[in-house]
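The block underneath contains the structure these notes are about, expressed in structure tokens.
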Amino acid sequence: MSTNHPDPEATGAANPHLDFAGTTPYEDYVQADVLTHLQHLRSDDPGEMVFLVTTQVMELWFTVIVHEWETAAHALREDRIPAARDALKRSVRELEALNASWTPLAGLTPAQFNSYRGALGEGSGFQSAMYRRMEFLLGDKSASMLVPHRGAPRVHAELEKALHEPGLYDEALALLARRGYAVPQSVLGRDLTRKYEPSPEVEAVWARIYADPDQNAELVRLGETLTDVGELVWRWRNDHLVATRRAMGSKTGTGGSAGVAWLEKRATKSVFPELWTARSHV
Ligand code: HEM
């Protein structure tokens, strides 16, 4: 006898377990009950839910990406380039997923955004500590960015630690110096709590590496993976800028900035600057 819906018992395919003494092992691991009850809406607008959840999803991706970049920085410090590249390559896929999560917010009209904007008060993504940790790992350090987090001891301590630690690019340049490349002492011994400033000598080092890809295959691959990271971060900033322009034009931000005009300046910042400028000299 044939049937379109074979009985799993008859085919030997066992059904999942249904009985658990306490919460399910899935719940114990994922904590989905916690995660799916963190959506405390501030308005009656049906469009607010996706705004809040997209923001929460992005915070989770920031958390994963910080984890990957810390793993990569640690591996670079120990000259483990393949392990560093594995973590960076994972982060590239994650950045692609992060950037794809703009889709639900990319077409917000001013009227739709206004329906819950007032309920956000002075809340702004500018106050995201995890995004700030990403920027610190990219070399964009600033002690003043700790100020908004004075009231949250754990977050403040994590940010303060990150402020003083070498970023991804600091570790990559230290590795190049150990390999005999002429990375200047002013870069290697720089004040880590300040923003990384581009150096002509570092540009020359990357130009030399890129000029001979056969000889320097491993370092070119590392440079290209860092470039992928830089490009995708730049894309996130630009997607954010465009979504903001569509949703609120040139109004001031809930965080108190000039809004789009301020974000435009932030979006032009270069990530790992010499990896881009060296290309003119290869
Ligand atoms: C379409 C909806 C959004 C609008 C209109 C918007 C608007 C803005 C504006 C105007 C600023 C500048 C600071 C201020 O004055 O508030 C800003 C900063 C920021 N927003 Fe958004 N935002 C949106 C969605 C998001 C989402 C979903 C995230 C995800 C976490 C996010 C993360 C950030 C971050 C991290 C900054 C700081 C950027 C930096 O420091 O360079 N934004 N946003």
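The way I read the labels, and the way they are meant: chains A, B, ... in the order of the structure tokens, residue 1 as the first residue of every chain, and ligand 1 as the first ligand shown, with later ones counted on from there.
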* Taking only C-alpha atoms and all ligand atoms into account, which residues are within 7 Å of ligand 1, as JSON, numbers by chain? -> {"A": [51, 54, 55, 56, 58, 59, 105, 106, 108, 124, 125, 126, 127, 128, 131, 240, 243, 244, 247, 248, 252, 253, 254, 255, 256, 257, 258, 259, 260, 262, 263, 266]}
* Do you know which residues are at most 10 Å from Ala129 in chain A counting only C-alpha atoms, after dropping those on the same chain fewer than 5 positions away, and could you put them as a count of residues only? -> 12
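Proximity of A:Trp234, A:Glu224, A:Ala182, A:Arg133 to Ala157 in chain A, computed with only C-alpha atoms, is greatest for A:Arg133.
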* To do: Going by DSSP on the backbone, which bits of range 18-262 of chain A are alpha helix (DSSP H)? Write them as a VMD selection string, please.
  => chain A and resid 25 to 30 32 to 35 48 to 77 81 to 100 110 to 117 129 to 137 153 to 164 168 to 178 185 to 188 200 to 211 217 to 248 260 to 262
* Select, from A:Ala143, A:Ala267, A:Val229, A:Val242, the residue with the minimum atom-to-atom distance to Ile65 in chain A, counting only C-alpha atoms. =>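 Of all the options, A:Val229 lies closest to Ile65 in chain A.
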